[in-house]
Amino acid sequence: MVAPESSSLRLPLHHRLRRRLRRLSPHALRLLRANSLLPQGSLLSSLLFSSLIPNAISRHSHPFLSPKLDSDTRPAAPFSSGVFHSPEEAFRLDYDRMEEEFKVFVYPDGDPETYFHTPRKLTGKYASEGYFFKNIRESRFFTDDPRRAHLFFLPISCHKMRGRGLTNERMMDEVEKYVERLKFKYPYWNRTLGTDHFFVTCHDIGVKATKGVPHLVKNSVRVVCPSSYDDDDYIPHKDVALPQVQLPFFHPPGRNNIKNRDTLAFWAGRSDSRLKNELIAMWDNDTELDIQNSRIDLRETGQVVYMEKLYKSKFCLCPHGPVGSSRIADSIHYGCVPVIMSNYYDLPFNDVLDWRKFSVILKETDVYHLKDILRNIPEKHFMTLNQNLMKIQKHFKWNTPPVRLDAFHMVMYELWRRRHVIRY
């Protein structure tokens with residue numbers, strides 16, 4: 001476990017917050033409050049509206065409250081939100097607070113040699129689940145004192161169950177028995193009916209395995225890879241979209257090599273949904289869109305061919321399908337602007353990152369006009385999308401031990417935002 005830095009070497013938290021808040025503009029301060037990043041009664045909230053920042057938000061100093069200006073004379077916002085929904089200063093303040101305060105209790109019950117605590121593996125398309133199981137114990141967020149915990153982690157791995165050949169019914173039974181044991185042994189589940197608990201699964205079978213415990217699905221936070229709104233059990237703003245990343249990447253991240261990207265758009269896969277069938281029917285033989293109706297054989301030369309196509313394409317198509325896919329993360333890693341084609345999909349870190357700043361988001365019916373839409377995107381706008389894509393690559397990277405602002409920390413930040421629960 002990585003221990004936090006010694007408090008003797010750093011200023012107290014409230015002193016550092018004072019310094020940071022003094023440097024923020026009125027615009028950033030107002031958006032901090034407006035975006036609910038400062039809960040009522042919190043330390044940041046108290047500092048923000050104290051005499052430490054006199055007249056920080058006033059009718060004369062804030063552009064939102066000033067008399068209406070013509071578009072030609074309206075002053076530019078002091079801070080750009082960049083790839084974030086809120087100003088980056090607002091995100092950084094709340095993120096720093098998370099690193100200082102956030103604690104997660106991991107239930108110690110369960111044999112690591114069976115289905116608990118340890119990852120099945122850190123490779124393949126379910127690697128994100130494995131990395132989270134490993135990272136949580138390597139991080140400063142881990143605590144073995146439940147009295148300090150904001151949230152409680154259920155370390156049962158449905159991926160390991162699947163690897164041992166358990167049927168769906170057996171998996172549901174194992175999950176149900178595990179939760180019942182925790183409810184009987186500890187008081188924490190019963191005091192909130194599981195609302196301050198969470199579990200992590202990237203395997204779609206893992207989602208089905210939890211359906212035998214209604215409160216686990218309806219109350220607890222589900223950190224899952226298949227995060228589609230048309231999944232009846234997925235609850236946006238309660239549950240968290242876990243980025244599905246197929247590891248390892250055999251080549252370095254793509255950069256701003258726009259001149260080498262001479263293919264308008266690329267997609268390779270199998271036709272397992274109506275949308276993909278339409279994509280293939282419309283564009284299979286197009287000269288500008290590289291559409292391949294097959295799975296690339298990664299066991300031979302397919303991995304090299306696949307990566308080369310990602311490197312050489314401006315846009316990478318990510319059509320929604322019935323099974324979770326790492327295609328979005330592949331696109332981000334190789335610097336190919338993702339084109340999200342889905343009516344109902346909760347994108348990873350959507351609460352924090354503004355996906356329209358580094359991807360193209362389309363409705364499923366846009367498949368019929370796909371080439372026109374992509375061709376009509378101005379080159380300058382594409383360059384901006386590509387540059388922003390470089391900025392967010394680190395947020396989709398898994399490390400061991402975890403690194404600040406990587407995929408693990410972004411998932412933890414999403415959980416941090418969900419820590420306020422009603423205790424019955």
# chains A, B, ... in the order shown; residues from 1 in each chain; ligands from 1

call {"tool": "residues_around", "arguments": {"residues": "region 178-185 of chain A", "least_positions_apart": "6", "cutoff": "9 Å", "atoms": "only C-alpha atoms", "output": "PyMOL selection string"}}
result
chain A and resi 107+109-110+154+156+213+216

call {"tool": "write_last_selection", "arguments": {"atoms": "all heavy atoms", "output": "mmCIF file, in the first residue's frame"}}
result
data_model
loop_
_atom_site.group_PDB
_atom_site.id
_atom_site.type_symbol
_atom_site.label_atom_id
_atom_site.label_comp_id
_atom_site.auth_asym_id
_atom_site.auth_seq_id
_atom_site.Cartn_x
_atom_site.Cartn_y
_atom_site.Cartn_z
ATOM 1 N N TYR A 107 -13.735 -5.592 2.381
ATOM 2 C CA TYR A 107 -14.081 -6.714 3.262
ATOM 3 C C TYR A 107 -13.005 -7.798 3.167
ATOM 4 O O TYR A 107 -12.652 -8.241 2.065
ATOM 5 C CB TYR A 107 -15.432 -7.303 2.864
ATOM 6 C CG TYR A 107 -16.611 -6.485 3.333
ATOM 7 C CD1 TYR A 107 -17.329 -5.691 2.445
ATOM 8 C CD2 TYR A 107 -17.007 -6.505 4.668
ATOM 9 C CE1 TYR A 107 -18.432 -4.945 2.872
ATOM 10 C CE2 TYR A 107 -18.096 -5.761 5.108
ATOM 11 C CZ TYR A 107 -18.804 -4.986 4.202
ATOM 12 O OH TYR A 107 -19.885 -4.243 4.636
ATOM 13 N N ASP A 109 -13.151 -10.904 4.106
ATOM 14 C CA ASP A 109 -13.687 -12.262 3.983
ATOM 15 C C ASP A 109 -13.499 -12.804 2.563
ATOM 16 O O ASP A 109 -13.564 -12.061 1.585
ATOM 17 C CB ASP A 109 -15.173 -12.265 4.340
ATOM 18 C CG ASP A 109 -15.423 -11.685 5.729
ATOM 19 O OD1 ASP A 109 -15.210 -10.461 5.899
ATOM 20 O OD2 ASP A 109 -15.802 -12.424 6.626
ATOM 21 N N GLY A 110 -13.310 -14.094 2.474
ATOM 22 C CA GLY A 110 -13.186 -14.746 1.184
ATOM 23 C C GLY A 110 -11.772 -15.228 0.912
ATOM 24 O O GLY A 110 -10.800 -14.555 1.249
ATOM 25 N N LEU A 154 -16.889 -4.763 -2.134
ATOM 26 C CA LEU A 154 -17.162 -6.199 -2.102
ATOM 27 C C LEU A 154 -16.200 -6.873 -3.093
ATOM 28 O O LEU A 154 -16.430 -6.860 -4.304
ATOM 29 C CB LEU A 154 -18.604 -6.474 -2.526
ATOM 30 C CG LEU A 154 -19.691 -5.776 -1.694
ATOM 31 C CD1 LEU A 154 -21.035 -5.852 -2.402
ATOM 32 C CD2 LEU A 154 -19.779 -6.383 -0.313
ATOM 33 N N ILE A 156 -15.468 -9.566 -4.655
ATOM 34 C CA ILE A 156 -15.775 -10.855 -5.250
ATOM 35 C C ILE A 156 -15.654 -10.727 -6.763
ATOM 36 O O ILE A 156 -16.210 -9.813 -7.369
ATOM 37 C CB ILE A 156 -17.180 -11.344 -4.841
ATOM 38 C CG1 ILE A 156 -17.433 -12.740 -5.403
ATOM 39 C CG2 ILE A 156 -18.271 -10.365 -5.218
ATOM 40 C CD1 ILE A 156 -18.656 -13.428 -4.798
ATOM 41 N N VAL A 213 -29.285 -10.748 -5.813
ATOM 42 C CA VAL A 213 -29.338 -9.893 -4.615
ATOM 43 C C VAL A 213 -29.930 -8.558 -5.038
ATOM 44 O O VAL A 213 -29.204 -7.661 -5.495
ATOM 45 C CB VAL A 213 -27.935 -9.694 -3.999
ATOM 46 C CG1 VAL A 213 -28.035 -8.958 -2.670
ATOM 47 C CG2 VAL A 213 -27.227 -11.027 -3.826
ATOM 48 N N LEU A 216 -28.287 -5.333 -4.021
ATOM 49 C CA LEU A 216 -26.963 -5.159 -4.608
ATOM 50 C C LEU A 216 -27.075 -4.462 -5.963
ATOM 51 O O LEU A 216 -26.245 -3.624 -6.309
ATOM 52 C CB LEU A 216 -26.285 -6.525 -4.775
ATOM 53 C CG LEU A 216 -24.833 -6.534 -5.251
ATOM 54 C CD1 LEU A 216 -23.929 -5.841 -4.252
ATOM 55 C CD2 LEU A 216 -24.352 -7.966 -5.478
#

call {"tool": "residues_around", "arguments": {"residues": "Arg255 (chain A)", "least_positions_apart": "6", "cutoff": "9 Å", "atoms": "only C-alpha atoms", "output": "list of chain:residue names"}}
result
A:Tyr311, A:Tyr334, A:Gly335, A:Asn386, A:Gln387, A:Leu389, A:Met390

call {"tool": "closest_residue", "arguments": {"among": "A:Phe116, A:Phe141, A:Asn388, A:Glu129", "to": "Met161 (chain A)", "atoms": "only C-alpha atoms"}}
result
A:Phe116

call {"tool": "closest_residue", "arguments": {"among": "A:Lys103, A:Lys371, A:Arg418, A:Arg327", "to": "Thr287 (chain A)", "atoms": "only C-alpha atoms"}}
result
A:Lys371

call {"tool": "residues_around", "arguments": {"residues": "region 394-408 of chain A", "least_positions_apart": "3", "cutoff": "6 Å", "atoms": "only C-alpha atoms", "output": "ChimeraX atom specification"}}
result
/A:135,138,411

call {"tool": "atom_distance", "arguments": {"atom1": "CA of Thr384 (chain A)", "atom2": "CA of Ala329 (chain A)"}}
result
18.8 Å

call {"tool": "atom_distance", "arguments": {"atom1": "CA of Ala241 (chain A)", "atom2": "CA of Phe91 (chain A)"}}
result
18.7 Å

call {"tool": "select_by_dssp", "arguments": {"residues": "region 84-314 of chain A", "states": "strand (DSSP E)", "output": "PyMOL selection string"}}
result
chain A and resi 104-106+142-143+151-153+197-201+221-224+240-241+263-269+289-293+313-314

call {"tool": "write_last_selection", "arguments": {"atoms": "C-alpha atoms", "output": "mmCIF file, in the first residue's frame"}}
result
data_model
loop_
_atom_site.group_PDB
_atom_site.id
_atom_site.type_symbol
_atom_site.label_atom_id
_atom_site.label_comp_id
_atom_site.auth_asym_id
_atom_site.auth_seq_id
_atom_site.Cartn_x
_atom_site.Cartn_y
_atom_site.Cartn_z
ATOM 1 C CA VAL A 104 -12.464 2.526 1.186
ATOM 2 C CA PHE A 105 -12.857 -0.516 3.402
ATOM 3 C CA VAL A 106 -12.296 -3.826 1.604
ATOM 4 C CA PHE A 142 -7.347 1.502 1.223
ATOM 5 C CA THR A 143 -8.160 1.312 4.930
ATOM 6 C CA LEU A 151 -17.450 3.354 0.936
ATOM 7 C CA PHE A 152 -17.205 -0.433 1.268
ATOM 8 C CA PHE A 153 -15.831 -2.681 -1.491
ATOM 9 C CA HIS A 197 -21.173 -0.409 -1.008
ATOM 10 C CA PHE A 198 -19.806 -1.096 -4.471
ATOM 11 C CA PHE A 199 -18.567 -3.981 -6.577
ATOM 12 C CA VAL A 200 -16.521 -4.126 -9.775
ATOM 13 C CA THR A 201 -17.026 -6.382 -12.769
ATOM 14 C CA VAL A 221 -22.858 1.226 -6.881
ATOM 15 C CA ARG A 222 -22.089 -1.056 -9.819
ATOM 16 C CA VAL A 223 -18.737 -0.346 -11.469
ATOM 17 C CA VAL A 224 -19.263 -2.155 -14.754
ATOM 18 C CA VAL A 240 -20.065 3.896 -12.769
ATOM 19 C CA ALA A 241 -18.869 3.073 -16.279
ATOM 20 C CA THR A 263 -8.055 6.912 -43.972
ATOM 21 C CA LEU A 264 -11.227 8.803 -43.128
ATOM 22 C CA ALA A 265 -12.631 6.159 -40.738
ATOM 23 C CA PHE A 266 -12.002 2.535 -39.718
ATOM 24 C CA TRP A 267 -14.010 -0.267 -38.144
ATOM 25 C CA ALA A 268 -13.420 -4.007 -37.901
ATOM 26 C CA GLY A 269 -15.690 -6.425 -36.060
ATOM 27 C CA LEU A 289 -14.420 4.244 -45.000
ATOM 28 C CA ASP A 290 -12.442 1.104 -44.146
ATOM 29 C CA ILE A 291 -15.181 -1.286 -42.944
ATOM 30 C CA GLN A 292 -14.187 -4.896 -42.281
ATOM 31 C CA ASN A 293 -16.955 -7.379 -41.548
ATOM 32 C CA SER A 313 -7.207 6.539 -39.524
ATOM 33 C CA LYS A 314 -8.588 9.937 -38.582
#

call {"tool": "atom_distance", "arguments": {"atom1": "CA of Leu353 (chain A)", "atom2": "CA of Ile392 (chain A)"}}
result
8.6 Å

call {"tool": "select_by_dssp", "arguments": {"residues": "region 373-410 of chain A", "states": "helix (DSSP H, G or I)", "output": "compact mmCIF listing (two decimals) with all heavy atoms, in the first residue's frame"}}
result
# COMPACT_ATOMS: atom_id res chain seq x y z
N ILE A 373 -21.18 13.22 -42.66
CA ILE A 373 -20.95 13.84 -41.36
C ILE A 373 -19.46 13.99 -41.08
O ILE A 373 -18.98 15.05 -40.67
CB ILE A 373 -21.64 13.02 -40.25
CG1 ILE A 373 -23.16 13.11 -40.37
CG2 ILE A 373 -21.19 13.50 -38.86
CD1 ILE A 373 -23.90 12.17 -39.45
N LEU A 374 -18.71 12.92 -41.32
CA LEU A 374 -17.28 12.95 -41.02
C LEU A 374 -16.50 13.83 -41.99
O LEU A 374 -15.59 14.55 -41.60
CB LEU A 374 -16.72 11.52 -41.02
CG LEU A 374 -17.31 10.57 -39.97
CD1 LEU A 374 -16.65 9.19 -40.08
CD2 LEU A 374 -17.15 11.13 -38.56
N ARG A 375 -16.88 13.81 -43.25
CA ARG A 375 -16.19 14.65 -44.24
C ARG A 375 -16.43 16.13 -43.99
O ARG A 375 -15.58 16.96 -44.35
CB ARG A 375 -16.65 14.27 -45.65
CG ARG A 375 -16.15 12.92 -46.10
CD ARG A 375 -16.66 12.57 -47.48
NE ARG A 375 -16.09 13.45 -48.52
CZ ARG A 375 -16.41 13.39 -49.81
NH1 ARG A 375 -17.29 12.49 -50.22
NH2 ARG A 375 -15.86 14.21 -50.67
N GLU A 379 -11.23 20.71 -40.79
CA GLU A 379 -9.91 20.22 -40.43
C GLU A 379 -9.44 20.82 -39.11
O GLU A 379 -8.81 20.13 -38.29
CB GLU A 379 -8.91 20.54 -41.54
CG GLU A 379 -7.54 19.90 -41.36
CD GLU A 379 -7.58 18.38 -41.49
OE1 GLU A 379 -8.58 17.84 -42.02
OE2 GLU A 379 -6.60 17.72 -41.08
N LYS A 380 -9.74 22.09 -38.89
CA LYS A 380 -9.33 22.74 -37.64
C LYS A 380 -10.00 22.09 -36.44
O LYS A 380 -9.38 21.89 -35.39
CB LYS A 380 -9.66 24.23 -37.70
CG LYS A 380 -9.16 25.02 -36.50
CD LYS A 380 -9.44 26.50 -36.67
CE LYS A 380 -8.93 27.29 -35.46
NZ LYS A 380 -9.21 28.75 -35.61
N HIS A 381 -11.28 21.74 -36.60
CA HIS A 381 -12.00 21.08 -35.50
C HIS A 381 -11.44 19.69 -35.25
O HIS A 381 -11.29 19.27 -34.10
CB HIS A 381 -13.49 21.01 -35.82
CG HIS A 381 -14.32 20.39 -34.73
ND1 HIS A 381 -14.37 20.90 -33.46
CD2 HIS A 381 -15.10 19.28 -34.72
CE1 HIS A 381 -15.16 20.14 -32.71
NE2 HIS A 381 -15.61 19.15 -33.46
N PHE A 382 -11.13 18.98 -36.34
CA PHE A 382 -10.53 17.65 -36.17
C PHE A 382 -9.20 17.75 -35.42
O PHE A 382 -8.91 16.92 -34.55
CB PHE A 382 -10.31 16.97 -37.52
CG PHE A 382 -9.46 15.74 -37.43
CD1 PHE A 382 -9.95 14.57 -36.88
CD2 PHE A 382 -8.12 15.77 -37.85
CE1 PHE A 382 -9.14 13.45 -36.76
CE2 PHE A 382 -7.32 14.66 -37.74
CZ PHE A 382 -7.82 13.49 -37.20
N MET A 383 -8.39 18.75 -35.75
CA MET A 383 -7.10 18.90 -35.08
C MET A 383 -7.30 19.16 -33.59
O MET A 383 -6.55 18.65 -32.76
CB MET A 383 -6.32 20.04 -35.72
CG MET A 383 -5.85 19.75 -37.14
SD MET A 383 -5.04 21.16 -37.94
CE MET A 383 -3.60 21.34 -36.88
N THR A 384 -8.34 19.91 -33.25
CA THR A 384 -8.64 20.17 -31.84
C THR A 384 -9.04 18.88 -31.13
O THR A 384 -8.60 18.59 -30.02
CB THR A 384 -9.75 21.21 -31.70
OG1 THR A 384 -9.33 22.44 -32.30
CG2 THR A 384 -10.09 21.46 -30.23
N LEU A 385 -9.90 18.08 -31.78
CA LEU A 385 -10.31 16.80 -31.21
C LEU A 385 -9.08 15.91 -30.98
O LEU A 385 -8.95 15.28 -29.93
CB LEU A 385 -11.30 16.09 -32.13
CG LEU A 385 -12.68 16.73 -32.32
CD1 LEU A 385 -13.46 15.97 -33.39
CD2 LEU A 385 -13.46 16.75 -31.01
N ASN A 386 -8.21 15.87 -31.96
CA ASN A 386 -7.02 15.04 -31.87
C ASN A 386 -6.09 15.50 -30.76
O ASN A 386 -5.55 14.69 -29.99
CB ASN A 386 -6.29 15.03 -33.22
CG ASN A 386 -5.08 14.13 -33.22
OD1 ASN A 386 -3.96 14.59 -33.04
ND2 ASN A 386 -5.29 12.84 -33.42
N GLN A 387 -5.91 16.82 -30.64
CA GLN A 387 -5.05 17.35 -29.58
C GLN A 387 -5.63 17.06 -28.20
O GLN A 387 -4.90 16.72 -27.26
CB GLN A 387 -4.87 18.85 -29.79
CG GLN A 387 -4.02 19.21 -30.99
CD GLN A 387 -4.12 20.67 -31.39
OE1 GLN A 387 -4.81 21.46 -30.73
NE2 GLN A 387 -3.45 21.05 -32.47
N ASN A 388 -6.95 17.20 -28.07
CA ASN A 388 -7.59 16.91 -26.79
C ASN A 388 -7.50 15.42 -26.45
O ASN A 388 -7.44 15.03 -25.28
CB ASN A 388 -9.05 17.35 -26.81
CG ASN A 388 -9.20 18.86 -26.70
OD1 ASN A 388 -8.29 19.55 -26.22
ND2 ASN A 388 -10.32 19.38 -27.15
N LEU A 389 -7.52 14.59 -27.49
CA LEU A 389 -7.39 13.15 -27.27
C LEU A 389 -6.06 12.82 -26.60
O LEU A 389 -5.98 11.95 -25.73
CB LEU A 389 -7.50 12.43 -28.62
CG LEU A 389 -7.86 10.95 -28.61
CD1 LEU A 389 -9.22 10.73 -27.97
CD2 LEU A 389 -7.84 10.41 -30.03
N MET A 390 -5.01 13.54 -26.98
CA MET A 390 -3.70 13.33 -26.36
C MET A 390 -3.76 13.66 -24.86
O MET A 390 -3.10 13.02 -24.04
CB MET A 390 -2.63 14.20 -27.02
CG MET A 390 -2.47 14.04 -28.53
SD MET A 390 -2.11 12.36 -29.05
CE MET A 390 -3.70 11.85 -29.71
N LYS A 391 -4.57 14.66 -24.52
CA LYS A 391 -4.65 15.10 -23.12
C LYS A 391 -5.29 14.06 -22.22
O LYS A 391 -4.98 13.99 -21.03
CB LYS A 391 -5.43 16.41 -23.03
CG LYS A 391 -4.79 17.59 -23.74
CD LYS A 391 -5.68 18.82 -23.62
CE LYS A 391 -5.12 20.01 -24.39
NZ LYS A 391 -6.02 21.19 -24.31
N ILE A 392 -6.22 13.28 -22.78
CA ILE A 392 -6.99 12.37 -21.92
C ILE A 392 -6.49 10.93 -21.99
O ILE A 392 -7.05 10.06 -21.31
CB ILE A 392 -8.50 12.45 -22.23
CG1 ILE A 392 -8.80 12.09 -23.69
CG2 ILE A 392 -9.04 13.83 -21.92
CD1 ILE A 392 -9.16 10.67 -23.93
N GLN A 393 -5.46 10.66 -22.79
CA GLN A 393 -4.95 9.29 -22.88
C GLN A 393 -4.54 8.74 -21.52
O GLN A 393 -4.77 7.57 -21.21
CB GLN A 393 -3.76 9.22 -23.85
CG GLN A 393 -4.15 9.26 -25.30
CD GLN A 393 -2.95 9.29 -26.22
OE1 GLN A 393 -1.87 9.75 -25.86
NE2 GLN A 393 -3.12 8.79 -27.45
N LYS A 394 -3.95 9.58 -20.67
CA LYS A 394 -3.48 9.12 -19.36
C LYS A 394 -4.62 8.67 -18.47
O LYS A 394 -4.43 7.83 -17.58
CB LYS A 394 -2.70 10.23 -18.66
CG LYS A 394 -3.52 11.50 -18.40
CD LYS A 394 -2.67 12.61 -17.84
CE LYS A 394 -3.47 13.90 -17.67
NZ LYS A 394 -2.62 15.03 -17.23
N HIS A 395 -5.83 9.21 -18.70
CA HIS A 395 -6.97 8.85 -17.86
C HIS A 395 -7.51 7.45 -18.18
O HIS A 395 -8.34 6.93 -17.43
CB HIS A 395 -8.09 9.87 -18.03
CG HIS A 395 -7.72 11.27 -17.67
ND1 HIS A 395 -7.00 11.56 -16.53
CD2 HIS A 395 -7.94 12.45 -18.29
CE1 HIS A 395 -6.81 12.88 -16.46
NE2 HIS A 395 -7.35 13.42 -17.51
N PHE A 396 -7.04 6.86 -19.26
CA PHE A 396 -7.50 5.52 -19.65
C PHE A 396 -6.37 4.49 -19.57
O PHE A 396 -6.50 3.40 -20.12
CB PHE A 396 -8.08 5.57 -21.07
CG PHE A 396 -9.39 6.32 -21.14
CD1 PHE A 396 -9.41 7.70 -21.20
CD2 PHE A 396 -10.59 5.64 -21.12
CE1 PHE A 396 -10.60 8.40 -21.24
CE2 PHE A 396 -11.79 6.32 -21.16
CZ PHE A 396 -11.80 7.72 -21.22
N ALA A 407 -6.38 5.62 -14.95
CA ALA A 407 -7.72 5.04 -15.00
C ALA A 407 -8.24 4.69 -13.61
O ALA A 407 -9.41 4.93 -13.28
CB ALA A 407 -7.74 3.82 -15.91
N PHE A 408 -7.39 4.10 -12.77
CA PHE A 408 -7.82 3.73 -11.43
C PHE A 408 -8.26 4.97 -10.64
O PHE A 408 -9.32 4.98 -10.00
CB PHE A 408 -6.70 3.03 -10.68
CG PHE A 408 -6.98 2.82 -9.21
CD1 PHE A 408 -7.88 1.87 -8.80
CD2 PHE A 408 -6.35 3.62 -8.25
CE1 PHE A 408 -8.16 1.68 -7.44
CE2 PHE A 408 -6.62 3.44 -6.91
CZ PHE A 408 -7.53 2.47 -6.50
N HIS A 409 -7.47 6.03 -10.68
CA HIS A 409 -7.80 7.23 -9.92
C HIS A 409 -9.06 7.91 -10.46
O HIS A 409 -9.83 8.50 -9.69
CB HIS A 409 -6.63 8.21 -9.93
CG HIS A 409 -5.55 7.85 -8.97
ND1 HIS A 409 -4.55 6.94 -9.28
CD2 HIS A 409 -5.30 8.26 -7.69
CE1 HIS A 409 -3.74 6.82 -8.24
NE2 HIS A 409 -4.17 7.60 -7.27
N MET A 410 -9.29 7.82 -11.76
CA MET A 410 -10.50 8.41 -12.32
C MET A 410 -11.74 7.62 -11.88
O MET A 410 -12.79 8.21 -11.60
CB MET A 410 -10.41 8.45 -13.84
CG MET A 410 -9.34 9.41 -14.37
SD MET A 410 -9.63 11.15 -13.94
CE MET A 410 -10.99 11.54 -15.04

call {"tool": "closest_residue", "arguments": {"among": "A:Lys357, A:Lys218, A:Lys177, A:His369", "to": "Trp283 (chain A)", "atoms": "only C-alpha atoms"}}
result
A:His369

call {"tool": "closest_residue", "arguments": {"among": "A:His215, A:Val352, A:Asp145, A:Pro248", "to": "Leu122 (chain A)", "atoms": "only C-alpha atoms"}}
result
A:Pro248
